file structure.cif (mmCIF, C-alpha atoms)
data_final
#
loop_
_atom_site.label_atom_id
_atom_site.label_comp_id
_atom_site.auth_asym_id
_atom_site.auth_seq_id
_atom_site.Cartn_x
_atom_site.Cartn_y
_atom_site.Cartn_z
CA MET A 543 107.30 81.88 90.86
CA ALA A 544 109.59 84.90 91.23
CA ILE A 545 107.50 86.79 93.70
CA ARG A 546 110.12 88.10 96.02
CA LYS A 547 110.27 87.66 99.73
CA ARG A 548 110.33 91.19 101.01
CA SER A 549 110.14 93.05 104.25
CA ARG A 550 106.81 93.76 105.91
CA THR A 551 106.27 96.60 103.46
CA GLY A 552 106.02 94.02 100.69
CA VAL A 553 104.81 90.50 100.23
CA VAL A 554 106.12 88.74 103.29
CA GLY A 555 107.18 85.15 102.77
CA LEU A 556 105.50 84.78 99.38
CA ALA A 557 108.48 83.22 97.65
CA ALA A 558 108.81 80.75 100.49
CA ALA A 559 105.12 79.93 100.26
CA ALA A 560 105.39 79.34 96.55
CA VAL A 561 108.35 77.04 96.95
CA ALA A 562 106.81 75.06 99.78
CA ALA A 563 103.44 74.58 98.13
CA THR A 564 104.66 74.51 94.51
CA ALA A 565 101.37 76.30 94.03
CA PHE A 566 102.19 78.06 90.80
CA THR A 567 101.29 75.14 88.60
CA GLY A 568 98.15 74.80 86.55
CA PRO A 569 96.60 71.72 84.92
CA ALA A 570 99.42 70.30 82.83
CA GLN A 571 97.08 69.20 80.06
CA ALA A 572 95.77 72.69 79.41
CA SER A 573 97.56 74.21 76.43
CA ARG A 574 98.28 77.90 76.05
CA ASP A 575 95.52 78.31 73.46
CA THR A 576 92.99 76.38 75.52
CA ALA A 577 93.74 78.46 78.60
CA ALA A 578 93.24 81.67 76.64
CA ALA A 579 90.02 80.56 74.95
CA ALA A 580 88.39 78.95 77.95
CA VAL A 581 88.38 81.87 80.36
CA ASP A 582 84.98 82.49 81.89
CA HIS A 583 86.39 83.61 85.25
CA ARG A 584 84.15 81.43 87.42
CA ALA A 585 87.16 79.58 88.78
CA THR A 586 88.85 82.93 89.40
CA GLN A 587 85.87 84.15 91.37
CA ARG A 588 85.88 81.00 93.45
CA ALA A 589 89.58 81.43 94.19
CA MET A 590 89.01 85.04 95.25
CA ASP A 591 86.12 84.01 97.49
CA ALA A 592 88.29 81.29 99.03
CA ALA A 593 90.99 83.85 99.83
CA VAL A 594 88.43 86.03 101.61
CA LYS A 595 87.13 83.04 103.51
CA ALA A 596 90.73 82.33 104.57
CA GLY A 597 91.07 85.80 106.09
CA VAL A 598 91.85 88.40 103.40
CA PRO A 599 89.47 91.37 103.95
CA GLY A 600 88.69 92.00 100.29
CA ILE A 601 89.86 91.61 96.69
CA THR A 602 89.14 93.62 93.55
CA ALA A 603 89.98 92.24 90.10
CA HIS A 604 89.86 93.15 86.42
CA ALA A 605 90.53 90.92 83.41
CA ARG A 606 90.65 91.74 79.72
CA ASP A 607 90.76 89.07 77.00
CA ALA A 608 89.21 88.11 73.66
CA LYS A 609 85.77 87.94 75.28
CA GLY A 610 85.97 91.47 76.63
CA VAL A 611 86.25 92.88 80.14
CA TRP A 612 85.45 91.13 83.41
CA LYS A 613 85.34 93.06 86.68
CA SER A 614 84.64 91.58 90.07
CA ALA A 615 85.22 91.91 93.78
CA SER A 616 84.96 89.78 96.89
CA GLY A 617 84.89 90.54 100.59
CA VAL A 618 84.82 93.90 102.31
CA GLY A 619 86.51 97.19 101.69
CA ASN A 620 85.88 98.53 105.17
CA LEU A 621 86.07 96.27 108.21
CA LYS A 622 84.43 98.91 110.41
CA THR A 623 81.33 99.52 108.29
CA GLY A 624 81.18 96.25 106.38
CA ALA A 625 81.03 98.08 103.04
CA PRO A 626 81.90 95.68 100.19
CA ARG A 627 85.11 95.85 98.19
CA GLY A 628 84.54 97.89 95.03
CA LYS A 629 85.04 96.68 91.46
CA ASN A 630 86.58 100.03 90.48
CA ASP A 631 88.64 100.64 93.61
CA ARG A 632 91.81 102.70 93.54
CA PHE A 633 94.70 101.45 95.65
CA ARG A 634 98.41 101.83 96.24
CA VAL A 635 100.16 99.59 93.69
CA GLY A 636 103.46 99.27 95.57
CA ASN A 637 106.42 98.02 93.55
CA ILE A 638 104.45 98.01 90.30
CA THR A 639 105.59 101.64 90.28
CA ASN A 640 108.91 100.20 89.02
CA THR A 641 107.46 99.36 85.62
CA PHE A 642 106.27 102.93 85.09
CA VAL A 643 109.73 104.28 85.94
CA ALA A 644 111.47 101.77 83.68
CA ALA A 645 109.17 102.66 80.78
CA VAL A 646 110.03 106.35 81.16
CA LEU A 647 113.78 105.66 81.22
CA LEU A 648 113.49 103.47 78.13
CA GLN A 649 111.59 106.23 76.32
CA MET A 650 114.42 108.58 77.24
CA GLU A 651 116.91 106.10 75.84
CA ALA A 652 114.95 105.96 72.59
CA GLU A 653 115.21 109.76 72.49
CA LYS A 654 118.99 109.41 73.00
CA GLU A 655 118.83 111.32 76.28
CA LEU A 656 120.68 108.50 78.04
CA SER A 657 122.06 105.01 77.55
CA LEU A 658 121.25 101.96 79.60
CA ASP A 659 124.99 101.48 79.92
CA ASP A 660 125.52 104.92 81.45
CA THR A 661 126.84 104.74 84.98
CA VAL A 662 124.85 105.99 87.94
CA GLU A 663 127.74 108.34 88.66
CA ARG A 664 127.25 110.05 85.30
CA HIS A 665 123.72 111.13 86.15
CA LEU A 666 123.91 111.32 89.94
CA PRO A 667 127.52 112.38 90.59
CA GLY A 668 128.79 111.76 94.09
CA LEU A 669 125.57 110.21 95.39
CA VAL A 670 126.44 106.49 95.45
CA THR A 671 129.67 106.19 97.39
CA GLY A 672 131.08 104.85 100.65
CA ASN A 673 131.14 101.46 102.38
CA GLY A 674 132.19 99.78 99.14
CA ASN A 675 129.35 101.32 97.12
CA ASP A 676 130.50 102.92 93.89
CA GLY A 677 128.19 104.59 91.39
CA ARG A 678 130.98 104.47 88.80
CA GLU A 679 130.61 100.69 88.65
CA ILE A 680 126.80 100.50 88.42
CA THR A 681 124.81 101.09 85.23
CA VAL A 682 121.24 102.22 84.62
CA ARG A 683 120.52 98.76 83.22
CA GLN A 684 121.72 97.16 86.46
CA LEU A 685 119.38 99.37 88.47
CA LEU A 686 116.43 98.29 86.34
CA ASN A 687 117.16 94.54 86.35
CA HIS A 688 118.28 94.59 89.98
CA THR A 689 121.83 93.38 89.46
CA SER A 690 123.45 96.47 91.00
CA GLY A 691 124.38 94.78 94.27
CA LEU A 692 123.11 97.73 96.29
CA PHE A 693 121.70 96.98 99.74
CA ASP A 694 117.90 97.15 100.00
CA TYR A 695 117.07 99.98 102.40
CA LEU A 696 114.05 97.95 103.55
CA GLY A 697 116.53 95.42 104.90
CA ASP A 698 117.69 97.96 107.46
CA LYS A 699 116.21 96.97 110.83
CA GLU A 700 116.16 100.48 112.24
CA TYR A 701 114.37 101.86 109.18
CA VAL A 702 111.76 99.10 109.29
CA ALA A 703 111.17 99.60 113.03
CA THR A 704 110.76 103.34 112.47
CA TYR A 705 108.61 103.49 109.36
CA ILE A 706 107.14 100.05 108.61
CA GLU A 707 106.25 98.12 111.74
CA GLY A 708 104.26 98.61 114.93
CA ASP A 709 104.29 101.86 116.84
CA GLY A 710 106.98 103.20 114.52
CA PHE A 711 104.63 103.16 111.56
CA LEU A 712 101.79 104.65 113.56
CA ARG A 713 104.00 107.51 114.78
CA HIS A 714 105.69 108.29 111.48
CA ARG A 715 103.08 107.45 108.83
CA TYR A 716 102.47 111.16 108.10
CA ASP A 717 106.14 112.18 107.91
CA THR A 718 107.38 113.74 104.69
CA MET A 719 110.54 112.07 103.43
CA LYS A 720 113.09 112.91 100.75
CA PRO A 721 114.33 110.06 98.52
CA GLU A 722 117.92 110.79 99.51
CA GLN A 723 117.07 109.73 103.08
CA ARG A 724 116.35 106.20 101.90
CA ILE A 725 119.45 106.14 99.73
CA LYS A 726 121.53 107.17 102.75
CA VAL A 727 120.11 104.23 104.72
CA ALA A 728 121.08 101.81 101.94
CA LEU A 729 124.58 103.22 101.57
CA SER A 730 125.26 102.82 105.29
CA HIS A 731 125.58 99.11 104.42
CA GLN A 732 128.16 97.37 102.29
CA PRO A 733 126.82 95.92 99.03
CA PRO A 734 126.03 92.19 99.33
CA PHE A 735 127.67 91.48 95.96
CA LYS A 736 129.50 93.20 93.12
CA PRO A 737 127.53 94.90 90.32
CA GLY A 738 126.41 92.42 87.68
CA ALA A 739 127.15 89.32 89.76
CA ARG A 740 123.50 88.25 90.18
CA HIS A 741 119.92 89.42 90.48
CA ALA A 742 118.59 90.45 93.89
CA PHE A 743 115.63 92.78 94.27
CA SER A 744 116.47 96.03 96.06
CA HIS A 745 114.08 98.96 96.49
CA THR A 746 117.16 101.18 96.51
CA ASN A 747 117.60 100.57 92.77
CA ASP A 748 114.14 101.92 92.01
CA VAL A 749 114.58 105.13 93.99
CA LEU A 750 117.84 105.81 92.14
CA ALA A 751 116.14 105.10 88.80
CA ALA A 752 113.47 107.70 89.58
CA LEU A 753 116.16 110.22 90.56
CA ILE A 754 117.81 109.64 87.18
CA VAL A 755 114.46 110.30 85.47
CA GLU A 756 114.44 113.70 87.13
CA LYS A 757 118.06 114.48 86.36
CA VAL A 758 117.76 113.57 82.67
CA GLY A 759 114.32 115.07 82.11
CA GLY A 760 114.89 118.25 84.05
CA LYS A 761 111.52 118.02 85.79
CA SER A 762 109.92 115.92 88.45
CA TYR A 763 109.54 112.18 88.07
CA GLU A 764 105.81 112.64 88.67
CA LYS A 765 105.50 115.06 85.73
CA GLU A 766 107.40 112.67 83.46
CA VAL A 767 105.13 109.73 84.34
CA ARG A 768 102.00 111.84 83.85
CA ALA A 769 103.13 113.27 80.51
CA ARG A 770 104.55 110.07 79.04
CA ILE A 771 102.20 107.38 80.36
CA ILE A 772 99.15 108.52 82.32
CA LYS A 773 97.84 111.18 79.92
CA PRO A 774 98.54 109.39 76.58
CA LEU A 775 96.89 106.19 77.83
CA LYS A 776 94.07 108.07 79.59
CA LEU A 777 94.68 106.31 82.86
CA ARG A 778 92.03 108.28 84.72
CA ALA A 779 92.31 106.25 87.92
CA THR A 780 96.10 106.55 88.13
CA SER A 781 97.86 109.26 90.12
CA LEU A 782 101.03 110.11 91.98
CA PRO A 783 100.28 111.32 95.50
CA GLY A 784 103.26 113.53 96.27
CA ASN A 785 102.95 114.35 99.99
CA SER A 786 99.26 113.53 100.15
CA THR A 787 98.19 110.88 102.67
CA ARG A 788 94.76 109.96 101.32
CA LEU A 789 93.42 107.72 98.57
CA PRO A 790 91.16 109.21 95.90
CA ARG A 791 87.69 107.69 95.66
CA PRO A 792 86.36 105.16 94.90
CA SER A 793 88.61 103.23 97.24
CA SER A 794 88.65 100.83 100.16
CA ARG A 795 90.60 100.81 103.38
CA GLY A 796 94.00 99.08 103.59
CA TYR A 797 94.89 96.85 106.54
CA SER A 798 98.03 95.46 108.13
CA LYS A 799 99.10 93.33 111.08
CA LEU A 800 101.75 95.72 112.31
CA PHE A 801 102.57 93.97 115.56
CA SER A 802 104.16 90.52 115.30
CA ALA A 803 103.52 89.94 119.01
CA GLN A 804 99.80 90.58 118.43
CA PRO A 805 98.98 88.45 115.38
CA ASP A 806 95.23 89.00 115.69
CA ARG A 807 95.48 92.78 115.81
CA ILE A 808 94.54 94.52 112.56
CA ASP A 809 95.28 98.21 111.96
CA ASP A 810 93.82 100.50 109.33
CA VAL A 811 96.88 101.79 107.47
CA THR A 812 95.13 103.48 104.54
CA GLU A 813 96.61 106.88 105.21
CA VAL A 814 100.36 107.29 104.74
CA ASN A 815 102.47 110.09 103.32
CA GLY A 816 103.10 109.28 99.65
CA SER A 817 106.62 110.69 99.80
CA GLN A 818 107.73 107.67 101.83
CA GLY A 819 107.34 105.53 98.70
CA TRP A 820 108.45 108.15 96.18
CA GLY A 821 109.76 106.57 92.99
CA ASN A 822 109.28 102.94 93.98
CA THR A 823 105.94 102.30 95.70
CA ASP A 824 103.93 105.52 95.54
CA ILE A 825 101.67 105.21 92.49
CA ILE A 826 97.92 104.86 93.03
CA SER A 827 95.88 103.10 90.36
CA SER A 828 93.07 100.64 89.65
CA ALA A 829 93.11 97.08 88.29
CA GLY A 830 91.57 98.33 85.03
CA ASP A 831 94.20 101.04 84.55
CA LEU A 832 96.99 98.57 85.27
CA ASN A 833 95.67 96.29 82.54
CA ARG A 834 95.50 99.21 80.12
CA PHE A 835 99.08 100.18 80.96
CA TYR A 836 100.60 96.70 80.67
CA GLY A 837 98.59 95.94 77.54
CA ALA A 838 99.89 99.08 75.83
CA LEU A 839 103.42 98.35 77.02
CA LEU A 840 103.55 94.77 75.72
CA ARG A 841 101.90 95.65 72.42
CA GLY A 842 104.60 98.23 71.71
CA LYS A 843 102.47 101.34 72.11
CA LEU A 844 104.79 102.95 74.64
CA LEU A 845 108.23 101.80 73.49
CA PRO A 846 109.96 101.31 70.12
CA PRO A 847 110.89 97.69 69.28
CA LYS A 848 114.52 98.11 70.39
CA GLN A 849 113.57 99.38 73.84
CA LEU A 850 110.79 96.83 74.31
CA LYS A 851 113.27 94.09 73.45
CA ALA A 852 115.66 95.50 76.06
CA MET A 853 112.89 95.57 78.65
CA LYS A 854 112.08 91.91 77.93
CA THR A 855 115.72 90.80 78.06
CA THR A 856 115.87 89.02 81.38
CA VAL A 857 118.36 87.74 83.92
CA ASP A 858 117.74 84.61 85.96
CA ASN A 859 116.41 84.94 89.45
CA PRO A 860 118.58 82.61 91.55
CA ASP A 861 116.05 82.75 94.39
CA PHE A 862 113.47 80.99 92.23
CA PRO A 863 114.76 78.89 89.31
CA GLY A 864 112.78 79.27 86.11
CA ALA A 865 111.78 82.86 86.76
CA SER A 866 113.57 85.85 85.30
CA TYR A 867 113.59 89.64 85.63
CA GLY A 868 113.81 92.17 82.81
CA LEU A 869 113.82 95.95 83.09
CA GLY A 870 110.95 96.64 85.47
CA ILE A 871 109.01 93.58 84.39
CA GLU A 872 109.21 89.85 85.12
CA ARG A 873 108.62 86.61 83.22
CA TYR A 874 107.42 83.15 84.18
CA LYS A 875 106.06 80.23 82.18
CA LEU A 876 103.18 78.37 83.76
CA SER A 877 103.04 74.59 83.60
CA CYS A 878 99.91 74.92 81.45
CA GLY A 879 102.09 76.54 78.76
CA THR A 880 101.23 80.20 79.22
CA THR A 881 104.09 82.67 79.51
CA LEU A 882 103.26 85.58 81.78
CA TRP A 883 104.87 88.97 81.95
CA TYR A 884 104.02 90.32 85.36
CA HIS A 885 104.90 92.38 88.37
CA ASP A 886 103.80 92.13 91.98
CA GLY A 887 103.52 95.08 94.31
CA GLY A 888 103.44 95.02 98.06
CA MET A 889 103.44 97.64 100.76
CA VAL A 890 101.91 98.18 104.18
CA GLY A 891 98.19 97.50 103.73
CA TRP A 892 98.15 96.30 100.13
CA VAL A 893 99.21 93.49 97.79
CA THR A 894 98.77 93.94 94.04
CA PHE A 895 99.47 91.63 91.14
CA THR A 896 99.28 92.32 87.42
CA ALA A 897 99.98 89.79 84.67
CA SER A 898 99.66 89.53 80.91
CA THR A 899 100.26 86.99 78.20
CA GLU A 900 103.13 87.55 75.77
CA ASP A 901 100.96 89.31 73.19
CA GLY A 902 99.03 91.38 75.72
CA GLY A 903 95.83 89.58 74.72
CA HIS A 904 94.89 88.27 78.16
CA GLN A 905 95.50 90.59 81.05
CA PHE A 906 94.62 90.21 84.68
CA ALA A 907 95.17 92.50 87.65
CA PHE A 908 93.95 92.21 91.21
CA ASN A 909 94.52 93.75 94.63
CA LEU A 910 94.20 92.61 98.25
CA ASN A 911 93.48 95.33 100.78
CA SER A 912 95.84 93.68 103.24
CA ASN A 913 99.52 92.77 103.21
CA TRP A 914 98.87 89.28 104.51
CA GLY A 915 97.28 86.37 102.67
CA ALA A 916 99.98 86.24 99.99
CA GLU A 917 99.59 82.45 99.78
CA ASN A 918 96.31 83.09 97.94
CA LEU A 919 97.87 84.92 94.98
CA LEU A 920 99.10 81.85 93.16
CA PRO A 921 95.79 79.93 93.28
CA ILE A 922 93.99 83.00 91.95
CA LEU A 923 96.44 83.28 89.04
CA ASN A 924 96.15 79.59 88.26
CA ALA A 925 92.37 79.86 88.21
CA GLU A 926 92.54 82.72 85.72
CA TYR A 927 95.19 81.37 83.35
CA CYS A 928 95.23 77.61 83.69
CA ASP A 929 91.64 76.48 84.16
CA THR A 930 89.81 74.58 81.40
CA PRO A 931 86.06 74.88 80.67
CA SER A 932 85.29 71.61 82.43
CA ARG A 933 87.16 72.74 85.53
CA SER A 934 85.47 76.13 85.72
CA ARG A 935 81.88 74.81 85.68
#
call {"tool": "encode", "arguments": {"input": "structure.cif", "output": "structure tokens"}}
result
Amino acid sequence: MAIRKRSRTGVVGLAAAAVAATAFTGPAQASRDTAAAAVDHRATQRAMDAAVKAGVPGITAHARDAKGVWKSASGVGNLKTGAPRGKNDRFRVGNITNTFVAAVLLQMEAEKELSLDDTVERHLPGLVTGNGNDGREITVRQLLNHTSGLFDYLGDKEYVATYIEGDGFLRHRYDTMKPEQRIKVALSHQPPFKPGARHAFSHTNDVLAALIVEKVGGKSYEKEVRARIIKPLKLRATSLPGNSTRLPRPSSRGYSKLFSAQPDRIDDVTEVNGSQGWGNTDIISSAGDLNRFYGALLRGKLLPPKQLKAMKTTVDNPDFPGASYGLGIERYKLSCGTTLWYHDGGMVGWVTFTASTEDGGHQFAFNLNSNWGAENLLPILNAEYCDTPSRSR
């Protein structure tokens, strides 16, 4: 599956785990219709419990299908007090922020405020330049489908050592950061390939996309997301933190293994300045709100048909054959016949996954309050989408 291997801020080694275990395969005999009709979530609960037993602190999950809504949790939300993980927890969604930003830009395109084929230079003149980087050669579309060729700022060792890992994170977690600082880090590197040559996920693309939202809309990216998505869909558990460091309640604590030389050490990393993920990993939400958002998106309630078609026009992911990336959303067909539109989101302390069938009729979102244990994501998804009634009893 096309879950990307990212730095320690994201899902570390998940693509490699998927390849090695070929875990993203469900029962081949289960048809798409059977998988949709047979969901009773018992297999999903067992898979969640198994992940906790294997070392994940806690998991919260929410599913919505023809039978209604299912909410559940497993494990603990606070390792210090032993408080259980909550069914309605709010958490940092990480890279799922990308889908919100893409939806806003596509709404702006529908309003003829921009074109997907506009260059980055047109909207952010003089920003992307130097070391072979050229905003005149990169389009908005290439930012959104990650074919820009721009270096991922989270691939910069100094940045990671300062803000993501070990003592660096602990010292700088409360620092306020401007998005241009992260862009500067990326542009200090040469692009790994020319624009349009291939797909390769880069957090740099998402920060630039959010900057374009602000330039085109004339107000903050946060205000655009609130006005265009959060308020119309009544996503009451969804917020943008700005410079705030805390999670709104109800919520659990987030945990990370910050020190590679101390693999058994676990740090509470719940508090972090939201500005450090501005535009690409900062949104806070719940599993239920994520399902509401993706359901509305795929059913055409947020975008006109032309823009939804553009969002679902994908490019192959060469790092995982069979998977493809659209504009802020990804596609994969399970061996049991179900096509999923999904996005994963990882950051220090959290791993989130949200998936939906093509018609938006079966949605599933869940969150781990740790950024380890990624090998458990695929079995949980298989249990939800590819288990038959006989297998779930």
call {"tool": "resolve_selection", "arguments": {"input": "structure.cif", "expression": "the PyMOL selection byres ((chain A and resi 832) around 10)", "output": "JSON, numbers by chain"}}
result
{"A": [604, 635, 638, 777, 779, 780, 827, 828, 829, 830, 831, 833, 834, 835, 836, 837, 838, 895, 896, 897, 905, 906, 907, 908]}
call {"tool": "closest_residue", "arguments": {"input": "structure.cif", "among": "A:Arg627, A:Lys699, A:Lys622, A:Arg683", "to": "Leu656 of chain A", "atoms": "all atoms listed in the file"}}
result
A:Arg683
call {"tool": "closest_residue", "arguments": {"input": "structure.cif", "among": "A:Gln849, A:Asn822, A:Asn630, A:Asn924", "to": "Met889 of chain A", "atoms": "all atoms listed in the file"}}
result
A:Asn822
call {"tool": "resolve_selection", "arguments": {"input": "structure.cif", "expression": "the PyMOL selection byres ((chain A and resi 718-731) around 10)", "output": "MDAnalysis selection string"}}
result
chainID A and resid 669:676 692:698 700:701 714:717 732:734 744:747 749:750 752:753 784:787 814:822
call {"tool": "write_last_selection", "arguments": {"input": "structure.cif", "atoms": "C-alpha atoms", "output": "PDB file, in the frame of the given file"}}
result
ATOM      1  CA  LEU A 669     125.570 110.210  95.390  1.00  0.00           C
ATOM      2  CA  VAL A 670     126.440 106.490  95.450  1.00  0.00           C
ATOM      3  CA  THR A 671     129.670 106.190  97.390  1.00  0.00           C
ATOM      4  CA  GLY A 672     131.080 104.850 100.650  1.00  0.00           C
ATOM      5  CA  ASN A 673     131.140 101.460 102.380  1.00  0.00           C
ATOM      6  CA  GLY A 674     132.190  99.780  99.140  1.00  0.00           C
ATOM      7  CA  ASN A 675     129.350 101.320  97.120  1.00  0.00           C
ATOM      8  CA  ASP A 676     130.500 102.920  93.890  1.00  0.00           C
ATOM      9  CA  LEU A 692     123.110  97.730  96.290  1.00  0.00           C
ATOM     10  CA  PHE A 693     121.700  96.980  99.740  1.00  0.00           C
ATOM     11  CA  ASP A 694     117.900  97.150 100.000  1.00  0.00           C
ATOM     12  CA  TYR A 695     117.070  99.980 102.400  1.00  0.00           C
ATOM     13  CA  LEU A 696     114.050  97.950 103.550  1.00  0.00           C
ATOM     14  CA  GLY A 697     116.530  95.420 104.900  1.00  0.00           C
ATOM     15  CA  ASP A 698     117.690  97.960 107.460  1.00  0.00           C
ATOM     16  CA  GLU A 700     116.160 100.480 112.240  1.00  0.00           C
ATOM     17  CA  TYR A 701     114.370 101.860 109.180  1.00  0.00           C
ATOM     18  CA  HIS A 714     105.690 108.290 111.480  1.00  0.00           C
ATOM     19  CA  ARG A 715     103.080 107.450 108.830  1.00  0.00           C
ATOM     20  CA  TYR A 716     102.470 111.160 108.100  1.00  0.00           C
ATOM     21  CA  ASP A 717     106.140 112.180 107.910  1.00  0.00           C
ATOM     22  CA  GLN A 732     128.160  97.370 102.290  1.00  0.00           C
ATOM     23  CA  PRO A 733     126.820  95.920  99.030  1.00  0.00           C
ATOM     24  CA  PRO A 734     126.030  92.190  99.330  1.00  0.00           C
ATOM     25  CA  SER A 744     116.470  96.030  96.060  1.00  0.00           C
ATOM     26  CA  HIS A 745     114.080  98.960  96.490  1.00  0.00           C
ATOM     27  CA  THR A 746     117.160 101.180  96.510  1.00  0.00           C
ATOM     28  CA  ASN A 747     117.600 100.570  92.770  1.00  0.00           C
ATOM     29  CA  VAL A 749     114.580 105.130  93.990  1.00  0.00           C
ATOM     30  CA  LEU A 750     117.840 105.810  92.140  1.00  0.00           C
ATOM     31  CA  ALA A 752     113.470 107.700  89.580  1.00  0.00           C
ATOM     32  CA  LEU A 753     116.160 110.220  90.560  1.00  0.00           C
ATOM     33  CA  GLY A 784     103.260 113.530  96.270  1.00  0.00           C
ATOM     34  CA  ASN A 785     102.950 114.350  99.990  1.00  0.00           C
ATOM     35  CA  SER A 786      99.260 113.530 100.150  1.00  0.00           C
ATOM     36  CA  THR A 787      98.190 110.880 102.670  1.00  0.00           C
ATOM     37  CA  VAL A 814     100.360 107.290 104.740  1.00  0.00           C
ATOM     38  CA  ASN A 815     102.470 110.090 103.320  1.00  0.00           C
ATOM     39  CA  GLY A 816     103.100 109.280  99.650  1.00  0.00           C
ATOM     40  CA  SER A 817     106.620 110.690  99.800  1.00  0.00           C
ATOM     41  CA  GLN A 818     107.730 107.670 101.830  1.00  0.00           C
ATOM     42  CA  GLY A 819     107.340 105.530  98.700  1.00  0.00           C
ATOM     43  CA  TRP A 820     108.450 108.150  96.180  1.00  0.00           C
ATOM     44  CA  GLY A 821     109.760 106.570  92.990  1.00  0.00           C
ATOM     45  CA  ASN A 822     109.280 102.940  93.980  1.00  0.00           C
TER      46      ASN A 822
END
call {"tool": "atom_distance", "arguments": {"input": "structure.cif", "atom1": "atom CA of Ala916 of chain A", "atom2": "atom CA of Thr812 of chain A"}}
result
18.5 Å
call {"tool": "decode", "arguments": {"input": "structure.cif", "residues": "segment 872-877 of chain A", "atoms": "all heavy atoms", "output": "PDB file, in the first residue's frame"}}
result
ATOM      1  N   GLU A 872      -5.441   9.599  -1.823  1.00  0.00           N
ATOM      2  CA  GLU A 872      -4.749   8.459  -2.416  1.00  0.00           C
ATOM      3  C   GLU A 872      -5.717   7.308  -2.693  1.00  0.00           C
ATOM      4  O   GLU A 872      -6.789   7.231  -2.086  1.00  0.00           O
ATOM      5  CB  GLU A 872      -3.632   7.990  -1.478  1.00  0.00           C
ATOM      6  CG  GLU A 872      -2.709   9.114  -1.063  1.00  0.00           C
ATOM      7  CD  GLU A 872      -1.608   8.660  -0.132  1.00  0.00           C
ATOM      8  OE1 GLU A 872      -0.828   7.780  -0.531  1.00  0.00           O
ATOM      9  OE2 GLU A 872      -1.528   9.191   0.988  1.00  0.00           O
ATOM     10  N   ARG A 873      -5.318   6.423  -3.592  1.00  0.00           N
ATOM     11  CA  ARG A 873      -6.191   5.310  -3.986  1.00  0.00           C
ATOM     12  C   ARG A 873      -5.430   3.996  -3.938  1.00  0.00           C
ATOM     13  O   ARG A 873      -4.268   3.909  -4.315  1.00  0.00           O
ATOM     14  CB  ARG A 873      -6.719   5.538  -5.410  1.00  0.00           C
ATOM     15  CG  ARG A 873      -7.698   4.448  -5.882  1.00  0.00           C
ATOM     16  CD  ARG A 873      -8.208   4.741  -7.269  1.00  0.00           C
ATOM     17  NE  ARG A 873      -7.131   4.708  -8.255  1.00  0.00           N
ATOM     18  CZ  ARG A 873      -7.245   5.143  -9.505  1.00  0.00           C
ATOM     19  NH1 ARG A 873      -8.374   5.698  -9.906  1.00  0.00           N
ATOM     20  NH2 ARG A 873      -6.228   5.061 -10.338  1.00  0.00           N
ATOM     21  N   TYR A 874      -6.138   2.958  -3.485  1.00  0.00           N
ATOM     22  CA  TYR A 874      -5.585   1.607  -3.519  1.00  0.00           C
ATOM     23  C   TYR A 874      -6.731   0.606  -3.573  1.00  0.00           C
ATOM     24  O   TYR A 874      -7.749   0.786  -2.897  1.00  0.00           O
ATOM     25  CB  TYR A 874      -4.716   1.331  -2.286  1.00  0.00           C
ATOM     26  CG  TYR A 874      -3.925   0.057  -2.400  1.00  0.00           C
ATOM     27  CD1 TYR A 874      -2.704   0.041  -3.071  1.00  0.00           C
ATOM     28  CD2 TYR A 874      -4.396  -1.127  -1.864  1.00  0.00           C
ATOM     29  CE1 TYR A 874      -1.972  -1.124  -3.201  1.00  0.00           C
ATOM     30  CE2 TYR A 874      -3.664  -2.296  -1.979  1.00  0.00           C
ATOM     31  CZ  TYR A 874      -2.455  -2.298  -2.650  1.00  0.00           C
ATOM     32  OH  TYR A 874      -1.734  -3.451  -2.777  1.00  0.00           O
ATOM     33  N   LYS A 875      -6.561  -0.443  -4.373  1.00  0.00           N
ATOM     34  CA  LYS A 875      -7.582  -1.482  -4.469  1.00  0.00           C
ATOM     35  C   LYS A 875      -7.130  -2.705  -3.688  1.00  0.00           C
ATOM     36  O   LYS A 875      -6.088  -3.304  -3.970  1.00  0.00           O
ATOM     37  CB  LYS A 875      -7.838  -1.864  -5.933  1.00  0.00           C
ATOM     38  CG  LYS A 875      -9.009  -2.827  -6.101  1.00  0.00           C
ATOM     39  CD  LYS A 875      -9.309  -3.051  -7.580  1.00  0.00           C
ATOM     40  CE  LYS A 875     -10.528  -3.956  -7.761  1.00  0.00           C
ATOM     41  NZ  LYS A 875     -10.843  -4.156  -9.195  1.00  0.00           N
ATOM     42  N   LEU A 876      -7.936  -3.078  -2.707  1.00  0.00           N
ATOM     43  CA  LEU A 876      -7.624  -4.244  -1.894  1.00  0.00           C
ATOM     44  C   LEU A 876      -7.817  -5.529  -2.695  1.00  0.00           C
ATOM     45  O   LEU A 876      -8.586  -5.573  -3.652  1.00  0.00           O
ATOM     46  CB  LEU A 876      -8.529  -4.291  -0.660  1.00  0.00           C
ATOM     47  CG  LEU A 876      -8.526  -3.082   0.271  1.00  0.00           C
ATOM     48  CD1 LEU A 876      -9.519  -3.298   1.396  1.00  0.00           C
ATOM     49  CD2 LEU A 876      -7.148  -2.819   0.803  1.00  0.00           C
ATOM     50  N   SER A 877      -7.166  -6.587  -2.272  1.00  0.00           N
ATOM     51  CA  SER A 877      -7.316  -7.861  -2.973  1.00  0.00           C
ATOM     52  C   SER A 877      -8.718  -8.427  -2.830  1.00  0.00           C
ATOM     53  O   SER A 877      -9.138  -9.265  -3.615  1.00  0.00           O
ATOM     54  CB  SER A 877      -6.297  -8.873  -2.443  1.00  0.00           C
ATOM     55  OG  SER A 877      -6.580  -9.193  -1.099  1.00  0.00           O
TER      56      SER A 877
END
